[in-house]
Structures are given as C-alpha cells and as structure tokens.
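Source file entry-v8.txt; content: compact mmCIF, C-alpha atoms.
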# COMPACT_ATOMS: atom_id res chain seq x y z
CA MET A 492 0.00 0.00 0.00
CA GLU A 493 1.35 3.43 -0.95
CA ILE A 494 2.21 5.88 1.83
CA THR A 495 1.16 9.55 1.63
CA LEU A 496 3.53 12.31 2.79
CA ARG A 497 2.56 15.98 3.28
CA LYS A 498 4.42 19.19 4.03
CA ASP A 499 3.71 22.90 3.40
CA GLY A 500 1.17 22.27 0.65
CA LEU A 501 3.18 19.52 -1.06
CA GLU A 502 1.86 15.97 -1.23
CA ALA A 503 3.87 12.88 -2.18
CA ARG A 504 3.27 9.15 -2.35
CA ALA A 505 5.84 6.43 -1.71
CA ASP A 506 5.56 2.73 -2.58
CA PRO A 507 7.19 -0.09 -0.58
CA MET A 508 7.42 -2.05 -3.84
CA GLY A 509 10.82 -0.88 -5.02
CA GLY A 510 11.10 1.68 -2.20
CA GLU A 511 10.15 4.46 -4.63
CA LEU A 512 8.76 7.97 -4.32
CA VAL A 513 6.10 7.69 -7.03
CA SER A 514 4.29 11.03 -6.89
CA LEU A 515 5.07 14.64 -6.00
CA ARG A 516 2.20 17.07 -6.32
CA ASP A 517 2.09 20.84 -5.78
CA GLY A 518 -1.52 21.88 -6.22
CA ALA A 519 -2.56 20.92 -9.75
CA ASP A 520 1.01 20.15 -10.87
CA GLU A 521 2.28 16.56 -10.71
CA TYR A 522 6.04 16.32 -11.20
CA ILE A 523 6.81 12.58 -11.22
CA TRP A 524 5.93 10.36 -14.17
CA ASN A 525 2.88 8.13 -13.66
CA GLY A 526 4.30 4.89 -15.08
CA ASP A 527 1.97 4.62 -18.07
CA PRO A 528 3.15 1.34 -19.70
CA ALA A 529 2.33 2.73 -23.15
CA TYR A 530 5.62 4.63 -22.70
CA TRP A 531 7.43 3.14 -19.69
CA SER A 532 6.05 1.44 -16.58
CA GLY A 533 8.85 2.73 -14.35
CA ARG A 534 8.57 5.85 -12.25
CA ASN A 535 11.46 6.33 -9.85
CA PRO A 536 13.37 3.05 -9.42
CA VAL A 537 16.23 2.50 -6.99
CA LEU A 538 19.27 1.07 -8.78
CA PHE A 539 21.10 -1.47 -6.58
CA PRO A 540 23.49 -3.32 -6.38
CA ILE A 541 24.45 -2.43 -9.95
CA VAL A 542 23.78 0.57 -12.18
CA GLY A 543 23.18 0.00 -15.88
CA ALA A 544 23.82 -3.24 -17.74
CA LEU A 545 26.36 -5.97 -17.14
CA ARG A 546 28.43 -7.32 -19.98
CA ASP A 547 26.57 -10.45 -21.14
CA GLY A 548 24.39 -10.04 -18.03
CA THR A 549 27.12 -11.37 -15.74
CA VAL A 550 29.73 -10.13 -13.29
CA GLN A 551 32.31 -12.00 -11.23
CA VAL A 552 32.71 -11.93 -7.46
CA GLY A 553 36.00 -13.73 -6.98
CA GLN A 554 35.49 -16.99 -8.88
CA LYS A 555 31.68 -16.88 -8.68
CA VAL A 556 29.77 -15.74 -11.79
CA CYS A 557 26.68 -13.71 -10.87
CA HIS A 558 23.72 -12.94 -13.13
CA MET A 559 21.70 -9.74 -12.77
CA ALA A 560 19.27 -7.79 -14.92
CA ARG A 561 19.93 -4.17 -15.85
CA HIS A 562 20.00 -1.83 -12.82
CA GLY A 563 19.89 -4.71 -10.32
CA PHE A 564 17.12 -6.27 -8.27
CA ALA A 565 16.08 -3.64 -5.68
CA ARG A 566 13.50 -2.05 -7.98
CA ARG A 567 11.59 -5.36 -8.11
CA LYS A 568 11.68 -6.12 -4.37
CA GLU A 569 9.23 -5.30 -1.58
CA PHE A 570 10.85 -3.08 1.06
CA THR A 571 9.75 -2.93 4.69
CA VAL A 572 8.86 0.36 6.39
CA ALA A 573 11.61 1.08 8.92
CA ALA A 574 10.40 4.53 10.03
CA GLN A 575 7.62 6.90 9.09
CA GLY A 576 6.31 10.38 9.86
CA GLU A 577 3.98 12.93 8.31
CA ASP A 578 6.63 14.17 5.87
CA PHE A 579 9.05 11.22 5.54
CA VAL A 580 9.29 7.47 5.15
CA GLU A 581 12.31 5.20 5.40
CA PHE A 582 12.28 1.87 3.57
CA ARG A 583 14.62 -1.05 4.26
CA LEU A 584 15.66 -4.02 2.15
CA ARG A 585 17.76 -7.00 3.23
CA GLU A 586 19.12 -10.04 1.47
CA ASP A 587 16.96 -13.09 0.86
CA PRO A 588 17.55 -16.40 -0.95
CA GLU A 589 16.65 -14.82 -4.30
CA THR A 590 19.09 -11.91 -3.93
CA LEU A 591 21.87 -14.19 -2.67
CA GLU A 592 21.67 -16.15 -5.91
CA GLN A 593 22.40 -12.94 -7.83
CA TYR A 594 24.58 -11.08 -5.33
CA PRO A 595 26.28 -13.30 -2.71
CA PHE A 596 26.34 -10.80 0.14
CA PRO A 597 24.20 -9.97 3.15
CA PHE A 598 23.34 -6.25 3.03
CA VAL A 599 21.10 -3.59 4.52
CA LEU A 600 19.79 -1.01 2.02
CA THR A 601 17.80 1.97 3.33
CA VAL A 602 16.01 4.52 1.19
CA ARG A 603 14.61 7.55 3.01
CA HIS A 604 12.30 10.00 1.20
CA THR A 605 11.71 13.32 2.98
CA LEU A 606 9.54 16.20 1.82
CA THR A 607 11.14 19.63 2.16
CA GLU A 608 9.50 23.04 1.98
CA ASP A 609 10.10 23.16 -1.78
CA GLY A 610 10.66 19.56 -2.94
CA PHE A 611 12.14 16.35 -1.56
CA GLU A 612 15.33 14.57 -0.56
CA THR A 613 16.12 10.91 -1.24
CA ARG A 614 18.85 9.49 0.97
CA PHE A 615 20.46 6.09 0.40
CA GLY A 616 22.20 4.09 3.08
CA VAL A 617 24.13 0.84 2.55
CA GLU A 618 25.52 -1.36 5.33
CA ASN A 619 27.67 -4.47 5.18
CA PRO A 620 26.62 -6.81 8.04
CA GLY A 621 28.62 -9.73 6.62
CA GLY A 622 32.18 -10.85 7.16
CA GLU A 623 33.57 -10.20 3.64
CA ASP A 624 34.27 -7.03 1.68
CA MET A 625 31.06 -6.05 -0.16
CA PRO A 626 31.22 -4.21 -3.51
CA PHE A 627 28.15 -2.33 -4.72
CA CYS A 628 26.89 0.40 -7.00
CA ILE A 629 23.76 2.49 -6.46
CA GLY A 630 21.79 5.19 -8.21
CA GLY A 631 18.57 7.12 -8.62
CA HIS A 632 16.36 7.14 -11.72
CA THR A 633 13.72 9.81 -11.11
CA ALA A 634 11.38 10.24 -14.07
CA PHE A 635 10.00 13.77 -14.20
CA ARG A 636 6.95 14.66 -16.24
CA CYS A 637 8.01 16.74 -19.23
CA PRO A 638 5.98 18.70 -20.01
CA VAL A 639 4.62 19.38 -16.53
CA ARG A 640 1.60 21.48 -17.53
CA PRO A 641 -1.11 21.13 -20.19
CA GLY A 642 -0.41 22.91 -23.47
CA GLU A 643 3.38 22.66 -23.14
CA ARG A 644 5.79 20.62 -25.27
CA PHE A 645 8.85 18.53 -24.42
CA GLU A 646 10.84 20.91 -26.64
CA ASP A 647 9.85 23.88 -24.42
CA TYR A 648 12.28 22.57 -21.79
CA ASN A 649 16.06 22.64 -21.39
CA LEU A 650 18.55 20.91 -19.11
CA VAL A 651 20.51 23.76 -17.51
CA PHE A 652 23.62 23.07 -15.43
CA GLU A 653 24.85 25.18 -12.54
CA LYS A 654 28.11 25.99 -14.37
CA ARG A 655 29.31 26.10 -17.94
CA GLU A 656 30.68 22.70 -18.89
CA ASP A 657 33.04 21.63 -21.65
CA THR A 658 32.76 17.87 -21.82
CA TRP A 659 31.55 14.82 -23.68
CA ALA A 660 28.68 12.44 -22.96
CA LEU A 661 29.30 8.70 -22.81
CA LEU A 662 26.79 6.80 -24.95
CA PRO A 663 25.70 3.17 -24.33
CA GLY A 664 26.22 0.75 -27.19
CA GLU A 665 24.67 -2.59 -27.97
CA GLY A 666 23.57 -4.34 -24.80
CA GLY A 667 24.01 -1.12 -22.78
CA CYS A 668 27.80 -1.41 -22.50
CA LEU A 669 30.02 1.66 -22.53
CA SER A 670 33.26 2.54 -24.26
CA SER A 671 35.50 5.56 -23.80
CA ASP A 672 35.57 5.76 -27.59
CA ARG A 673 31.78 6.05 -27.93
CA ARG A 674 30.96 9.59 -26.89
CA GLU A 675 29.54 12.85 -28.20
CA TYR A 676 30.30 16.48 -27.46
CA PHE A 677 27.01 17.56 -25.85
CA LEU A 678 28.41 20.29 -23.60
CA PRO A 679 30.74 22.42 -25.74
CA ASP A 680 31.51 25.27 -23.28
CA THR A 681 27.84 25.71 -22.40
CA ASP A 682 25.48 25.14 -19.49
CA THR A 683 22.43 24.14 -21.55
CA ILE A 684 21.17 21.11 -23.47
CA PRO A 685 17.89 21.82 -25.31
CA LEU A 686 15.52 18.87 -25.01
CA ARG A 687 14.69 17.22 -28.34
CA HIS A 688 13.14 13.78 -28.76
CA GLN A 689 15.23 13.32 -31.91
CA VAL A 690 18.38 13.37 -29.76
CA PHE A 691 17.20 10.55 -27.47
CA ASP A 692 15.86 8.57 -30.43
CA ARG A 693 19.43 8.56 -31.72
CA VAL A 694 21.61 8.23 -28.60
CA ASP A 695 19.27 6.67 -25.98
CA THR A 696 21.09 7.90 -22.83
CA LEU A 697 23.44 10.80 -22.10
CA ILE A 698 25.92 9.94 -19.32
CA PHE A 699 28.20 12.58 -17.83
CA GLU A 700 31.15 12.04 -15.50
CA GLY A 701 33.28 14.52 -13.59
CA LEU A 702 31.12 17.60 -14.11
CA ARG A 703 31.98 20.86 -12.37
CA SER A 704 28.28 21.39 -11.68
CA ARG A 705 26.52 19.77 -8.75
CA THR A 706 23.02 20.80 -9.84
CA VAL A 707 20.98 20.60 -13.03
CA ARG A 708 17.59 22.14 -13.81
CA LEU A 709 14.83 20.75 -15.98
CA GLU A 710 13.52 24.17 -16.89
CA HIS A 711 10.66 25.43 -19.05
CA LYS A 712 11.38 28.53 -21.11
CA ASP A 713 9.29 30.58 -18.66
CA GLY A 714 11.35 29.32 -15.69
CA HIS A 715 9.27 26.63 -13.99
CA GLY A 716 10.37 23.02 -13.61
CA VAL A 717 12.65 21.19 -11.17
CA GLU A 718 16.24 21.40 -10.01
CA MET A 719 18.22 18.36 -8.86
CA ASP A 720 21.24 18.63 -6.59
CA PHE A 721 23.11 15.38 -7.25
CA GLY A 722 25.66 16.13 -4.57
CA ALA A 723 28.58 13.72 -4.30
CA PHE A 724 27.42 11.32 -7.01
CA PRO A 725 30.22 11.16 -9.60
CA MET A 726 27.96 10.57 -12.62
CA VAL A 727 24.59 11.86 -13.82
CA ALA A 728 22.57 10.48 -16.72
CA PHE A 729 19.53 11.56 -18.72
CA TRP A 730 17.14 9.17 -20.44
CA THR A 731 13.71 8.94 -22.03
CA MET A 732 12.22 6.10 -24.03
CA PRO A 733 13.54 6.39 -27.61
CA GLY A 734 11.11 6.41 -30.52
CA ALA A 735 8.04 7.10 -28.39
CA ASN A 736 7.85 10.89 -27.93
CA ALA A 737 7.52 10.00 -24.26
CA PRO A 738 6.33 12.83 -21.97
CA TYR A 739 9.02 12.47 -19.31
CA ILE A 740 12.77 12.74 -18.81
CA CYS A 741 14.78 10.81 -16.21
CA ILE A 742 17.52 12.54 -14.23
CA GLU A 743 19.75 9.86 -12.70
CA PRO A 744 22.51 10.42 -10.11
CA TRP A 745 24.83 7.41 -10.28
CA GLN A 746 27.49 5.86 -8.06
CA GLY A 747 28.62 3.39 -10.72
CA CYS A 748 27.51 2.78 -14.29
CA GLY A 749 27.03 0.13 -16.95
CA ALA A 750 29.84 -2.21 -17.84
CA PHE A 751 32.67 -0.94 -20.01
CA GLU A 752 33.51 -3.19 -22.93
CA ARG A 753 37.12 -3.59 -21.77
CA GLU A 754 36.57 -3.89 -18.01
CA SER A 755 37.92 -6.95 -16.19
CA GLY A 756 34.53 -8.41 -15.33
CA GLN A 757 35.25 -8.36 -11.59
CA PHE A 758 32.56 -6.50 -9.61
CA SER A 759 35.09 -4.57 -7.54
CA ASP A 760 36.73 -3.22 -10.72
CA LYS A 761 33.53 -1.59 -11.99
CA ARG A 762 33.73 2.17 -12.57
CA HIS A 763 32.93 4.09 -9.35
CA CYS A 764 32.13 0.86 -7.47
CA MET A 765 32.14 1.25 -3.68
CA THR A 766 33.46 -1.49 -1.38
CA LEU A 767 32.43 -1.76 2.28
CA LYS A 768 34.39 -3.76 4.80
CA SER A 769 32.53 -5.77 7.41
CA GLY A 770 30.43 -3.48 9.59
CA GLU A 771 30.98 -0.38 7.44
CA ARG A 772 28.21 1.94 6.27
CA TRP A 773 27.88 4.35 3.34
CA LYS A 774 25.34 7.08 2.65
CA ALA A 775 24.59 9.71 0.02
CA ALA A 776 21.60 11.81 -1.02
CA TYR A 777 20.15 13.78 -3.87
CA ARG A 778 17.69 16.64 -3.52
CA VAL A 779 14.98 18.03 -5.77
CA ARG A 780 13.67 21.58 -5.63
CA LEU A 781 10.56 22.77 -7.46
CA LEU A 782 10.98 25.82 -9.69
CA ARG A 783 7.60 27.51 -9.42

Final structure tokens representation of the file:
Amino acid sequence: MEITLRKDGLEARADPMGGELVSLRDGADEYIWNGDPAYWSGRNPVLFPIVGALRDGTVQVGQKVCHMARHGFARRKEFTVAAQGEDFVEFRLREDPETLEQYPFPFVLTVRHTLTEDGFETRFGVENPGGEDMPFCIGGHTAFRCPVRPGERFEDYNLVFEKREDTWALLPGEGGCLSSDRREYFLPDTDTIPLRHQVFDRVDTLIFEGLRSRTVRLEHKDGHGVEMDFGAFPMVAFWTMPGANAPYICIEPWQGCGAFERESGQFSDKRHCMTLKSGERWKAAYRVRLLR
C-alpha cells in the first residue's frame, strides 16, 4: 500500500514495492511520471546493487559468476517500512535467498524520502553486516513529467547546469555497455542542453562524468520546472524512451555505471564501485527543488 507524505502544501506518495517515491504534487502540478506502460512502466526506481547493464548479463565476485538484470534487483523487491512520519518514510531491504543467488552478500539497504519546503530529498544508506568485503553500485532514476503542464511541449524545456561545462557524454552501445571511444560532445563550453526527442531517439542515454556542476535544472522557457542537486554522485545520466515521444525525462545520479567493454569483469573493478568492509556503512543523497 502506498504511503502519503505531506508538508507545506506539497503531497507525495511512496511505494514499498521498489522503495520508490512515485508522486510529487504541488496543487494541480504533478512532477513525477505516472508509469503509463504505453511509454514506460517505471517511475522512480532505486538502482542497486548495480547501475546500468552488465556485460553479457554477468559479473564476477571472486570466482563466482553472478547474473543480474539491468539496474539490479532492488527495484523489483518489496521493502519494509523502517520509520515513518507525516513528511518522511524510510524503507529497508535486506538479502533473501533470491538476492543471494544474484549477489552473494548480506546487506542492509535503506532509502529515506523526505519532503522539504520546496521539494524532496532521497537518501540512500548501505551497510555491510557480513564478514567479507562487499562491492556495490547504487543510483537514482527519477522520471520527471516533461511537459509538466497542459499545453506545453517537451521541446519547451532545457537541461541547464549550474556551471558552464566543456565535456563529452558517454553513450551506451549494444547491450548497454560503454566505451571511452563512444561519446559525443554535448556540452561544448555551455550550461544548456535543449531537449529534443530526436536526440534521445538517436543516442538513448546521455551519461556525464566529472562535471563541475553539482546541480541541473529541468527548466521550461518561462522558468518553472525542477532542479536536482546530485551532490557527491560522480555521474549523472539523462534518459527517455527512444522512438516514443515520451512525456518524461529521467535525471539519474549514479554511483557506478554500466559495464565498459574492456573492463575486467570483476565486480570490484567496476567504474565508481564502492566497497564496504565488514560493519561499514555508506550514505549519500540527492535533492529536488521545485521551480515555481
């Protein structure tokens, strides 16, 4: 059953299935995609313990070969409610026989969604309760409605970074794998990427690494929209369903990414992979602010 959160005129809903925040409403404006399967049934999945696709769907942990679907298993698991208040909910997921077949580690994953006066914060926590070093990746995948309001177009919006950037986007290839050679110059000394469906029909996902900016705005030409602060996450990606003229855009803060074609295949060697020793904990958050 979905859980309703309220604060200062904002209303949100969170779903224990996947531990997702699935709605954020400010009056008549709904900001999170509704999961219409005609375009994409996802809304705001939690990516754990991998981000993106594995090469041939497999990764090695020592000598063990593990199989996982794109973006991991957390988005398809039922979380428990660990804590709850009027304006927040904290979900928890632990290992079970099904996860241990895919990822041979005990773990504690917490996802805490908190409404703020002008948006929300999602905070991830990962704990290693086992006796061995535990590698993991994690990420957000928030799908924002675009356009937000009736009568607008997808092309009325831009992605606007906090600072001017001069960098390339990594582009997934066949099977979702990455290569340092497969990239495109989407930020040529600018802070803005105009949204065009034709771009995502052609390149699928734009993945940026090492940006100077820590925030990005999904901004209508008259100034409304959302701003995401992706904080300490080293990568941020943008995606919408290609070939569908889908009315949403995903902004995805990533700690980790899809497999590189030339990577070793060992989990701990994955780009931006974190490794926790026994008893260690890790946490990070991203924040969303409404531009009214």

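Every protein or nucleic acid residue with an atom no more than 7 Å from A:Leu767, counting only C-alpha atoms and leaving out same-chain residues fewer than 6 positions away, appears here: Asn619, Asp624, Met625 and Pro626 of chain A.
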
Pairwise distance for atom CA of A:Ile629 and atom CA of A:Glu589, rounded to one decimal in Å: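 Interatomic distance here is 18.8 Å.
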
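Residues in contact with stretch 572-578 of chain A at up to 10 Å, not including ones fewer than 6 positions away on its chain and judged by only C-alpha atoms, are A:Ile494, A:Thr495, A:Leu496, A:Arg497, A:Lys498, A:Asp499, A:Leu501, A:Glu502, A:Ala503, A:Asp506, A:Pro507, A:Gly510, A:Leu584, A:Thr601, A:Val602, A:Arg603, A:His604, A:Thr605, A:Leu606, A:Thr607, A:Phe611.
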
Length of the atom CA of A:Thr706 to atom CA of A:Arg780 vector [Å]: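 Distance reported for this atom pair: 10.3 Å.
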
Exercise: A:Phe645 partners within 7 Å, all atoms listed in the file, chain neighbours under 4 positions left out, as JSON, numbers by chain: {"A": [637, 638, 686, 738]}

Residue contacts of stretch 709-722 of chain A (6 Å, only C-alpha atoms) excluding same-chain residues fewer than 6 positions away, as a list in words: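 Here the answer would be Asp647, Tyr648, Asn649, Leu650, Pro744, Tyr777, Arg778, Val779, Arg780, Leu781, Leu782 and Arg783 of chain A.
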
Between atom CA of A:Glu653 and atom CA of A:Ser671 - distance in Å to one decimal: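 For atom CA of A:Ser671 relative to atom CA of A:Glu653, the distance reads 25.0 Å.
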
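Nearest to A:His562 of all the residues A:Phe596, A:Phe579, A:Trp745, A:Phe615 is A:Trp745, based on all atoms listed in the file.
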
Who sits within 9 Å of A:Tyr522, only C-alpha atoms, same chain under 2 positions skipped, as a list of chain:residue names: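 What passes the distance filter is A:Ser514, A:Leu515, A:Arg516, A:Asp517, A:Asp520, A:Trp524, A:Ala634, A:Phe635, A:Arg636, A:Cys637, A:Val639, A:Gly716, A:Val717, A:Leu781.
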
Protein, DNA and RNA residues within 6 Å of (22.2, -0.2, 3.4), all atoms listed in the file, as JSON, numbers by chain: {"A": [599, 600, 601, 616, 617, 618]}

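Closest approach to A:Gln593 among A:Val550, A:Cys668, A:Ala723, A:Cys628 is made by A:Val550 (distances from all atoms listed in the file).
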
Nearest residue to A:Ile541 from the set A:Ile742, A:Met508, A:Ala529, A:Ala560 (distances using only C-alpha atoms):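 So, comparing all the options, the nearest one is A:Ala560.
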
Top pick for closest residue to A:Arg566, considering A:Ala660, A:Ile523, A:Leu697, A:Leu512 and counting all atoms listed in the file: A:Leu512

Distance criterion (all atoms listed in the file): nearest to A:Arg753 out of A:Thr696, A:Ser670, A:Gln689, A:Thr683: A:Ser670

Please, could all heavy atoms be added to stretch 583-594 of chain A and the result written as an mmCIF file, keeping the file's coordinate frame?
data_model
loop_
_atom_site.group_PDB
_atom_site.id
_atom_site.type_symbol
_atom_site.label_atom_id
_atom_site.label_comp_id
_atom_site.auth_asym_id
_atom_site.auth_seq_id
_atom_site.Cartn_x
_atom_site.Cartn_y
_atom_site.Cartn_z
ATOM 1 N N ARG A 583 13.433 -0.210 4.046
ATOM 2 C CA ARG A 583 14.620 -1.050 4.260
ATOM 3 C C ARG A 583 14.482 -2.345 3.454
ATOM 4 O O ARG A 583 13.392 -2.925 3.371
ATOM 5 C CB ARG A 583 14.774 -1.379 5.742
ATOM 6 C CG ARG A 583 15.985 -2.256 6.061
ATOM 7 C CD ARG A 583 16.123 -2.469 7.559
ATOM 8 N NE ARG A 583 16.390 -1.197 8.233
ATOM 9 C CZ ARG A 583 16.031 -0.920 9.493
ATOM 10 N NH1 ARG A 583 15.370 -1.827 10.199
ATOM 11 N NH2 ARG A 583 16.317 0.241 10.030
ATOM 12 N N LEU A 584 15.599 -2.759 2.863
ATOM 13 C CA LEU A 584 15.660 -4.020 2.150
ATOM 14 C C LEU A 584 16.873 -4.800 2.628
ATOM 15 O O LEU A 584 17.965 -4.233 2.766
ATOM 16 C CB LEU A 584 15.772 -3.779 0.637
ATOM 17 C CG LEU A 584 15.799 -5.023 -0.250
ATOM 18 C CD1 LEU A 584 14.461 -5.743 -0.238
ATOM 19 C CD2 LEU A 584 16.180 -4.643 -1.694
ATOM 20 N N ARG A 585 16.670 -6.127 2.853
ATOM 21 C CA ARG A 585 17.760 -7.000 3.230
ATOM 22 C C ARG A 585 17.840 -8.169 2.257
ATOM 23 O O ARG A 585 16.935 -8.409 1.469
ATOM 24 C CB ARG A 585 17.577 -7.513 4.662
ATOM 25 C CG ARG A 585 17.555 -6.381 5.710
ATOM 26 C CD ARG A 585 17.922 -6.882 7.065
ATOM 27 N NE ARG A 585 19.275 -7.435 7.078
ATOM 28 C CZ ARG A 585 20.015 -7.587 8.161
ATOM 29 N NH1 ARG A 585 19.545 -7.219 9.341
ATOM 30 N NH2 ARG A 585 21.221 -8.118 8.098
ATOM 31 N N GLU A 586 18.930 -8.903 2.357
ATOM 32 C CA GLU A 586 19.120 -10.040 1.470
ATOM 33 C C GLU A 586 18.064 -11.112 1.742
ATOM 34 O O GLU A 586 17.506 -11.203 2.844
ATOM 35 C CB GLU A 586 20.527 -10.627 1.644
ATOM 36 C CG GLU A 586 20.738 -11.491 2.871
ATOM 37 C CD GLU A 586 20.907 -10.701 4.165
ATOM 38 O OE1 GLU A 586 20.984 -9.451 4.134
ATOM 39 O OE2 GLU A 586 20.970 -11.342 5.243
ATOM 40 N N ASP A 587 17.814 -11.919 0.729
ATOM 41 C CA ASP A 587 16.960 -13.090 0.860
ATOM 42 C C ASP A 587 17.521 -14.157 -0.085
ATOM 43 O O ASP A 587 18.501 -13.897 -0.803
ATOM 44 C CB ASP A 587 15.485 -12.759 0.573
ATOM 45 C CG ASP A 587 15.236 -12.272 -0.843
ATOM 46 O OD1 ASP A 587 16.013 -12.627 -1.767
ATOM 47 O OD2 ASP A 587 14.257 -11.549 -1.057
ATOM 48 N N PRO A 588 16.977 -15.365 -0.087
ATOM 49 C CA PRO A 588 17.550 -16.400 -0.950
ATOM 50 C C PRO A 588 17.622 -16.002 -2.424
ATOM 51 O O PRO A 588 18.593 -16.368 -3.113
ATOM 52 C CB PRO A 588 16.600 -17.594 -0.737
ATOM 53 C CG PRO A 588 16.101 -17.415 0.665
ATOM 54 C CD PRO A 588 15.946 -15.920 0.827
ATOM 55 N N GLU A 589 16.638 -15.235 -2.901
ATOM 56 C CA GLU A 589 16.650 -14.820 -4.300
ATOM 57 C C GLU A 589 17.793 -13.844 -4.578
ATOM 58 O O GLU A 589 18.506 -13.981 -5.577
ATOM 59 C CB GLU A 589 15.321 -14.166 -4.670
ATOM 60 C CG GLU A 589 15.231 -13.743 -6.117
ATOM 61 C CD GLU A 589 13.940 -13.030 -6.422
ATOM 62 O OE1 GLU A 589 13.518 -12.161 -5.630
ATOM 63 O OE2 GLU A 589 13.342 -13.327 -7.475
ATOM 64 N N THR A 590 18.004 -12.874 -3.693
ATOM 65 C CA THR A 590 19.090 -11.910 -3.930
ATOM 66 C C THR A 590 20.448 -12.577 -3.791
ATOM 67 O O THR A 590 21.386 -12.231 -4.510
ATOM 68 C CB THR A 590 19.008 -10.711 -2.963
ATOM 69 O OG1 THR A 590 19.322 -11.122 -1.625
ATOM 70 C CG2 THR A 590 17.623 -10.073 -2.994
ATOM 71 N N LEU A 591 20.574 -13.534 -2.869
ATOM 72 C CA LEU A 591 21.870 -14.190 -2.670
ATOM 73 C C LEU A 591 22.291 -15.014 -3.875
ATOM 74 O O LEU A 591 23.489 -15.227 -4.090
ATOM 75 C CB LEU A 591 21.826 -15.053 -1.408
ATOM 76 C CG LEU A 591 21.786 -14.277 -0.083
ATOM 77 C CD1 LEU A 591 21.457 -15.214 1.068
ATOM 78 C CD2 LEU A 591 23.089 -13.531 0.169
ATOM 79 N N GLU A 592 21.333 -15.460 -4.667
ATOM 80 C CA GLU A 592 21.670 -16.150 -5.910
ATOM 81 C C GLU A 592 22.304 -15.195 -6.910
ATOM 82 O O GLU A 592 23.148 -15.592 -7.715
ATOM 83 C CB GLU A 592 20.406 -16.777 -6.517
ATOM 84 C CG GLU A 592 19.978 -18.076 -5.867
ATOM 85 C CD GLU A 592 21.012 -19.171 -6.084
ATOM 86 O OE1 GLU A 592 21.470 -19.358 -7.233
ATOM 87 O OE2 GLU A 592 21.387 -19.831 -5.088
ATOM 88 N N GLN A 593 21.899 -13.930 -6.881
ATOM 89 C CA GLN A 593 22.400 -12.940 -7.830
ATOM 90 C C GLN A 593 23.596 -12.163 -7.290
ATOM 91 O O GLN A 593 24.466 -11.734 -8.059
ATOM 92 C CB GLN A 593 21.278 -11.945 -8.165
ATOM 93 C CG GLN A 593 20.013 -12.582 -8.698
ATOM 94 C CD GLN A 593 18.903 -11.574 -8.828
ATOM 95 O OE1 GLN A 593 18.986 -10.624 -9.620
ATOM 96 N NE2 GLN A 593 17.842 -11.749 -8.052
ATOM 97 N N TYR A 594 23.622 -11.980 -5.986
ATOM 98 C CA TYR A 594 24.580 -11.080 -5.330
ATOM 99 C C TYR A 594 24.907 -11.721 -3.981
ATOM 100 O O TYR A 594 24.119 -11.605 -3.042
ATOM 101 C CB TYR A 594 23.920 -9.711 -5.181
ATOM 102 C CG TYR A 594 24.704 -8.631 -4.488
ATOM 103 C CD1 TYR A 594 25.852 -8.080 -5.065
ATOM 104 C CD2 TYR A 594 24.265 -8.108 -3.265
ATOM 105 C CE1 TYR A 594 26.541 -7.052 -4.434
ATOM 106 C CE2 TYR A 594 24.947 -7.087 -2.632
ATOM 107 C CZ TYR A 594 26.084 -6.568 -3.219
ATOM 108 O OH TYR A 594 26.773 -5.539 -2.601
#
